[in-house]
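Asker: Okay, handing you the structure first.
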Number of protein chains: 2
Amino acid sequence: MADVAREAGVSRTTVSFVLNNVADSNIPEATRERILQVARELNYVPNVQALNLVTGQTMMIALIVRQTSEQMSIDTFTGEFIRGVTTVIEAQNYHLLVHAAEPDAPESTYGKLVRTRKVDGLLVTSPLVNDPEVRLLHDEGTPIVLNGSTDADDIPSVDVDNRQGAYTAVRHLINIGHRRIGHISNAPFSYRSSSDRLEGYRQALAEAGILYDLNLVMQGEFTPSSGFRPMLALLDSPEPPTAVFVGSDTVAFGALEAVRHRGYRVPEDVSIIGFDDIVFSQYTLPPLTTIRVPAYRLGYSAGELILKIIQGEKLPDYRVVLPTELVIRRSTVKRP
Amino acid sequence: MADVAREAGVSRTTVSFVLNNVADSNIPEATRERILQVARELNYVPNVQALNLVTGQTMMIALIVRQTSEQMSIDTFTGEFIRGVTTVIEAQNYHLLVHAAEPDAPESTYGKLVRTRKVDGLLVTSPLVNDPEVRLLHDEGTPIVLNGSTDADDIPSVDVDNRQGAYTAVRHLINIGHRRIGHISNAPFSYRSSSDRLEGYRQALAEAGILYDLNLVMQGEFTPSSGFRPMLALLDSPEPPTAVFVGSDTVAFGALEAVRHRGYRVPEDVSIIGFDDIVFSQYTLPPLTTIRVPAYRLGYSAGELILKIIQGEKLPDYRVVLPTELVIRRSTVKRP
DNA sequence: CTGAAAGCGCTTACAG
DNA sequence: CTGAAAGCGCTTACAG
């Protein structure tokens with residue numbers, strides 16, 4: 001910048017004014033042009049590090065992905081989510097730092113990112129129901145947005161309406177004649193999404209006057225293989241379900257496999273409905289009926305929200321809840 | 001830092017020395033302890049922005065993902081790759097910035113990242129065969145590592161041996177008795193990975209004395225649906241293949257679908273082998289025989305390489321090529 | 001052993 | 001309309 005000033009015969013102040021288009025600076029068009037010209041010739045690009053130091057902003061937002069390597073290798077959600085986030089924030093000159101953290105890491109690896117002024121705010125996916133670090137950071141005033149819900153309803157978040165989605169799924173099963181309906185969760189019930197989905201399941205059952213049977217409820221854990229055994233157990237039970245609501249498509253793949261493994265057929269012997277609508281669900285045999293989760297839009301909303309919080313905007317509501325959508329394919333069928 | 005200095009009764013210089021453990025600074029243990037103590041009490045954390053300004057480093061590496069939204073939503077590679085990268089670089093206090101760029105974006109959106117001193121180096125996935133921006137940046141001396149190959153062999157890169165992988169796949173088909181073998185690519189042949197895989201296919205054919213038949217070669221484009229029509233065409237041809245080598249698992253899913261759609265069966269009527277070994281390939285019907293690509297290790301290697309380049313290390317070779325592995329499952333079978 | 005001073009590349013009151 | 005100066009929070013020769 002000093003070079004530009006010298007070359008143009010003005011002070012750095014003036015250069016800064018015209019390059020940043022500062023209002024009320026009243027620079028005559030002539031010098032203005034000259035400075036712009038020189039800057040172009042000299043191929044001037046501002047050093048954002050210096051800028052950051054004086055403004056106190058980093059123009060960076062961190063995305064903390066709380067997943068194991070294994071989860072990450074089967075995850076198609078985060079890619080779309082990232083796309084949504086970057087679309088919004090890059091339009092405002094922010095960038096995204098991605099940091100993976102094991103869900104059961106002994107201590108926070110991400111608080112440091114904000115304390116050392118590496119980022120201006122945090123996006124946290126799949127937070128634990130009760131993450132003390134998130135709590136602490138939020139209370140310290142760190143801009144933070146969760147993807148998914150925790151017990152702390154005062155922390156800003158974006159999520160899908162899990163209860164409603166599960167309700168819709170089970171309602172669909174009931175509508176087509178099923179009464180004995182099993183459930184395999186997407187994750188341990190210590191995750192809010194799992195317990196919310198379970199609640200939707202129970203609500204639909206209750207409304208239809210169907211007794212809640214604990215023997216029909218199993219726990220999955222993110223992966224296809226975690227859906228295999230629970231499905232076997234359901235199939236082998238004295239009074240097997242005619243339909244199963246699986247809390248995630250990925251887990252449902254293992255359930256489909258289990259049905260085949262026992263020599264039964266989907267949907268003739270048992271209907272299966274999933275949750276998420278990842279791309280691959282169209283290509284299973286049969287294609288999976290499921291509940292669509294708008295990953296891109298969740299990312300987009302999270303980006304909008306964190307930006308507003310960073311910019312100190314007062315918001316009527318710090319929580320955004322997006323609707324899901326029932327996608328009927330061929331893994332569910334009317335009970336004769 | 002000024003606070004710490006005042007509180008401990010020393011100069012900022014001294015504080016800097018002990019906090020950074022500067023050698024030859026000969027600080028007596030007593031003052032050293034005192035400073036550390038005060039820093040802890042005051043909860044001192046260095047401002048990395050200031051540090052960056054003086055050192056001229058940003059401790060950031062950008063990952064440029066050249067994909068459309070659609071590609072990103074079916075991509076399980078990038079997640080694992082990211083995990084590999086962050087594992088290495090975070091151990092050295094670097095962080096990863098992720099930036100998505102449409103493959104056909106009119107102009108570079110990422111050159112700016114290095115010119116404005118936002119990052120110290122660039123990782124570029126799925127580069128175009130001939131990306132002028134990559135060329136330019138590399139020639140300007142920007143540390144840059146590609147994931148995948150371009151025509152420019154002087155630019156550092158990490159990749160799998162695509163030719164060898166394809167050769168192994170087709171060799172497997174030949175070994176189990178197939179002679180009429182089709183091919184559907186993973187991407188347009190303007191991508192280096194596609195043309196390399198095609199070359200491996202041709203080589204295996206040639207070695208076995210099988211004539212190369214252009215009618216048997218089709219183009220896929222990343223998605224399952226892009227594998228559907230080509231497979232139909234192959235099936236409907238006057239002399240259909242008994243086996244098909246598909247350049248990516250994702251594309252192979254559409255091919256499997258097409259076979260079912262025509263009322264044929266895999267592998268009884270036609271064997272199919274994929275490439276990549278994504279998790280879902282275990283859950284198709286039948287489970288897919290494929291060539292494993294070590295995504296995590298590619299990311300890990302890319303991270304190591306870019307760090308070495310940034311740190312100015314002289315390297316014997318700037319290209320790392322990782323081996324693939326044949327994974328035999330149930331979609332390929334001996335030709336009677 | 002330790003401190004005063006310059007400097008990294010910017011912005012922004014303030015004064016003229 | 002424009003410039004001199006202070007300051008953002010650090011590091012690092014240099015001198016004592």
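Convention: chains lettered A, B, ... in structure tokens order; per-chain residue numbering from 1; ligands numbered from 1 as shown.
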List every residue of stretch 155-276 of chain A that DSSP, applied to the backbone of this structure, places in strand (DSSP E), and write the result as a list in words.

Answerer: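 Listing strand (DSSP E) positions across stretch 155-276 of chain A yields Ser157, Val158, Asp159, Val160, Ile181, Gly182, His183, Ile184, Val217, Met218, Ala243, Val244, Phe245, Val246, Ser271, Ile272 and Ile273 of chain A.
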
Asker: Considering only C-alpha atoms (C1' of nucleotides), return as a VMD selection string whatever protein or nucleic-acid residues lie within 12 Å of B:Ala8, sequence-local ones (same chain, fewer than 4 positions apart) excluded.

Answerer: chain B and resid 1 to 4 12 14 to 15 30 to 42

Asker: Could the residues in this selection be saved with N, CA and C atoms as a PDB file, in the first residue's frame?

Answerer:
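As a result, result11.pdb now contains:
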ATOM      1  N   MET B   1      -0.945  -9.364  26.229  1.00  0.00           N
ATOM      2  CA  MET B   1       0.443  -9.668  26.546  1.00  0.00           C
ATOM      3  C   MET B   1       1.051  -8.551  27.384  1.00  0.00           C
ATOM      4  N   ALA B   2       0.656  -7.325  27.064  1.00  0.00           N
ATOM      5  CA  ALA B   2       1.108  -6.179  27.845  1.00  0.00           C
ATOM      6  C   ALA B   2       0.676  -6.345  29.304  1.00  0.00           C
ATOM      7  N   ASP B   3      -0.511  -6.818  29.494  1.00  0.00           N
ATOM      8  CA  ASP B   3      -1.023  -7.040  30.845  1.00  0.00           C
ATOM      9  C   ASP B   3      -0.137  -8.010  31.614  1.00  0.00           C
ATOM     10  N   VAL B   4       0.176  -9.103  30.940  1.00  0.00           N
ATOM     11  CA  VAL B   4       1.010 -10.113  31.583  1.00  0.00           C
ATOM     12  C   VAL B   4       2.349  -9.510  31.979  1.00  0.00           C
ATOM     13  N   ARG B  12       7.579  -6.869  27.678  1.00  0.00           N
ATOM     14  CA  ARG B  12       6.869  -7.748  26.764  1.00  0.00           C
ATOM     15  C   ARG B  12       7.848  -8.689  26.063  1.00  0.00           C
ATOM     16  N   THR B  14      10.425 -10.139  27.295  1.00  0.00           N
ATOM     17  CA  THR B  14      10.663 -11.285  28.155  1.00  0.00           C
ATOM     18  C   THR B  14       9.475 -12.243  28.138  1.00  0.00           C
ATOM     19  N   VAL B  15       8.296 -11.673  28.226  1.00  0.00           N
ATOM     20  CA  VAL B  15       7.103 -12.505  28.177  1.00  0.00           C
ATOM     21  C   VAL B  15       7.088 -13.319  26.890  1.00  0.00           C
ATOM     22  N   ALA B  30      13.127 -18.635  37.943  1.00  0.00           N
ATOM     23  CA  ALA B  30      12.199 -17.913  38.816  1.00  0.00           C
ATOM     24  C   ALA B  30      11.267 -16.990  38.018  1.00  0.00           C
ATOM     25  N   THR B  31      11.834 -16.105  37.200  1.00  0.00           N
ATOM     26  CA  THR B  31      10.995 -15.191  36.416  1.00  0.00           C
ATOM     27  C   THR B  31      10.130 -15.983  35.450  1.00  0.00           C
ATOM     28  N   ARG B  32      10.736 -16.968  34.864  1.00  0.00           N
ATOM     29  CA  ARG B  32      10.026 -17.851  33.957  1.00  0.00           C
ATOM     30  C   ARG B  32       8.740 -18.369  34.584  1.00  0.00           C
ATOM     31  N   GLU B  33       8.904 -18.937  35.772  1.00  0.00           N
ATOM     32  CA  GLU B  33       7.763 -19.477  36.506  1.00  0.00           C
ATOM     33  C   GLU B  33       6.725 -18.391  36.751  1.00  0.00           C
ATOM     34  N   ARG B  34       7.190 -17.246  37.177  1.00  0.00           N
ATOM     35  CA  ARG B  34       6.297 -16.154  37.524  1.00  0.00           C
ATOM     36  C   ARG B  34       5.456 -15.745  36.311  1.00  0.00           C
ATOM     37  N   ILE B  35       6.141 -15.614  35.185  1.00  0.00           N
ATOM     38  CA  ILE B  35       5.438 -15.207  33.967  1.00  0.00           C
ATOM     39  C   ILE B  35       4.378 -16.232  33.571  1.00  0.00           C
ATOM     40  N   LEU B  36       4.794 -17.489  33.591  1.00  0.00           N
ATOM     41  CA  LEU B  36       3.851 -18.557  33.256  1.00  0.00           C
ATOM     42  C   LEU B  36       2.635 -18.497  34.174  1.00  0.00           C
ATOM     43  N   GLN B  37       2.933 -18.287  35.445  1.00  0.00           N
ATOM     44  CA  GLN B  37       1.891 -18.236  36.463  1.00  0.00           C
ATOM     45  C   GLN B  37       0.895 -17.105  36.156  1.00  0.00           C
ATOM     46  N   VAL B  38       1.444 -15.917  35.944  1.00  0.00           N
ATOM     47  CA  VAL B  38       0.602 -14.749  35.647  1.00  0.00           C
ATOM     48  C   VAL B  38      -0.235 -14.985  34.391  1.00  0.00           C
ATOM     49  N   ALA B  39       0.407 -15.530  33.375  1.00  0.00           N
ATOM     50  CA  ALA B  39      -0.297 -15.783  32.118  1.00  0.00           C
ATOM     51  C   ALA B  39      -1.496 -16.688  32.369  1.00  0.00           C
ATOM     52  N   ARG B  40      -1.276 -17.680  33.194  1.00  0.00           N
ATOM     53  CA  ARG B  40      -2.350 -18.606  33.500  1.00  0.00           C
ATOM     54  C   ARG B  40      -3.472 -17.875  34.240  1.00  0.00           C
ATOM     55  N   GLU B  41      -3.079 -17.121  35.249  1.00  0.00           N
ATOM     56  CA  GLU B  41      -4.084 -16.383  36.028  1.00  0.00           C
ATOM     57  C   GLU B  41      -4.904 -15.447  35.149  1.00  0.00           C
ATOM     58  N   LEU B  42      -4.215 -14.757  34.276  1.00  0.00           N
ATOM     59  CA  LEU B  42      -4.894 -13.775  33.425  1.00  0.00           C
ATOM     60  C   LEU B  42      -5.593 -14.432  32.246  1.00  0.00           C
TER      61      LEU B  42
END

Asker: Could you list, as a ChimeraX atom specification, the residues of chain D having an atom within 10 Å of chain A when counting only C-alpha atoms (C1' of nucleotides)?

Answerer: /D:1-4,7-9

Asker: Write out the residues from the selection above, keeping C-alpha atoms (C1' of nucleotides), as a CSV table (one decimal), in the first residue's frame.

Answerer:
chain,number,residue,atom,x,y,z
D,1,DC,C1',-9.5,17.8,0.3
D,2,DT,C1',-5.3,15.4,2.5
D,3,DG,C1',-1.5,14.0,5.6
D,4,DA,C1',1.0,12.9,10.2
D,7,DG,C1',-2.6,2.0,17.3
D,8,DC,C1',-4.1,-3.2,16.5
D,9,DG,C1',-0.9,-7.3,19.3

Asker: Using only C-alpha atoms, select each residue of chain B with any atom at most 6 Å away from an atom of chain A, and give the selection as a list of chain:residue names.

Answerer: B:Val45, B:Pro46, B:Asn47, B:Val48, B:Gln49, B:Ala50, B:Leu53, B:Met72, B:Ser73, B:Thr76, B:Gly79, B:Glu80, B:Leu96, B:Leu97, B:Val98, B:Thr116, B:Arg117

Asker: What would the file look like if the residues just selected were written as a PDB file, in the first residue's frame with C-alpha atoms?

Answerer:
ATOM      1  CA  VAL B  45      -4.228 -16.499  24.866  1.00  0.00           C
ATOM      2  CA  PRO B  46      -2.135 -15.120  22.056  1.00  0.00           C
ATOM      3  CA  ASN B  47      -3.858 -13.327  19.216  1.00  0.00           C
ATOM      4  CA  VAL B  48      -2.889 -15.332  16.188  1.00  0.00           C
ATOM      5  CA  GLN B  49      -3.804 -12.529  13.813  1.00  0.00           C
ATOM      6  CA  ALA B  50      -1.043 -10.396  15.240  1.00  0.00           C
ATOM      7  CA  LEU B  53       1.105 -10.347  10.567  1.00  0.00           C
ATOM      8  CA  MET B  72     -21.151 -32.846  -3.527  1.00  0.00           C
ATOM      9  CA  SER B  73     -24.389 -34.435  -2.370  1.00  0.00           C
ATOM     10  CA  THR B  76     -18.308 -39.596   0.260  1.00  0.00           C
ATOM     11  CA  GLY B  79     -15.249 -36.159   3.799  1.00  0.00           C
ATOM     12  CA  GLU B  80     -12.642 -38.831   4.295  1.00  0.00           C
ATOM     13  CA  LEU B  96      -8.132 -26.124   6.774  1.00  0.00           C
ATOM     14  CA  LEU B  97     -10.298 -23.680   4.848  1.00  0.00           C
ATOM     15  CA  VAL B  98     -12.801 -25.359   2.556  1.00  0.00           C
ATOM     16  CA  THR B 116      -4.732 -11.725  -0.124  1.00  0.00           C
ATOM     17  CA  ARG B 117      -2.668 -13.788   2.271  1.00  0.00           C
TER      18      ARG B 117
END

Asker: As an MDAnalysis selection string, please: every residue in stretch 6-239 of chain B that DSSP puts in alpha helix (DSSP H).

Answerer: chainID B and resid 6:8 12:19 29:41 48:55 69:73 77:91 111:115 132:139 162:175 192:207 225:236
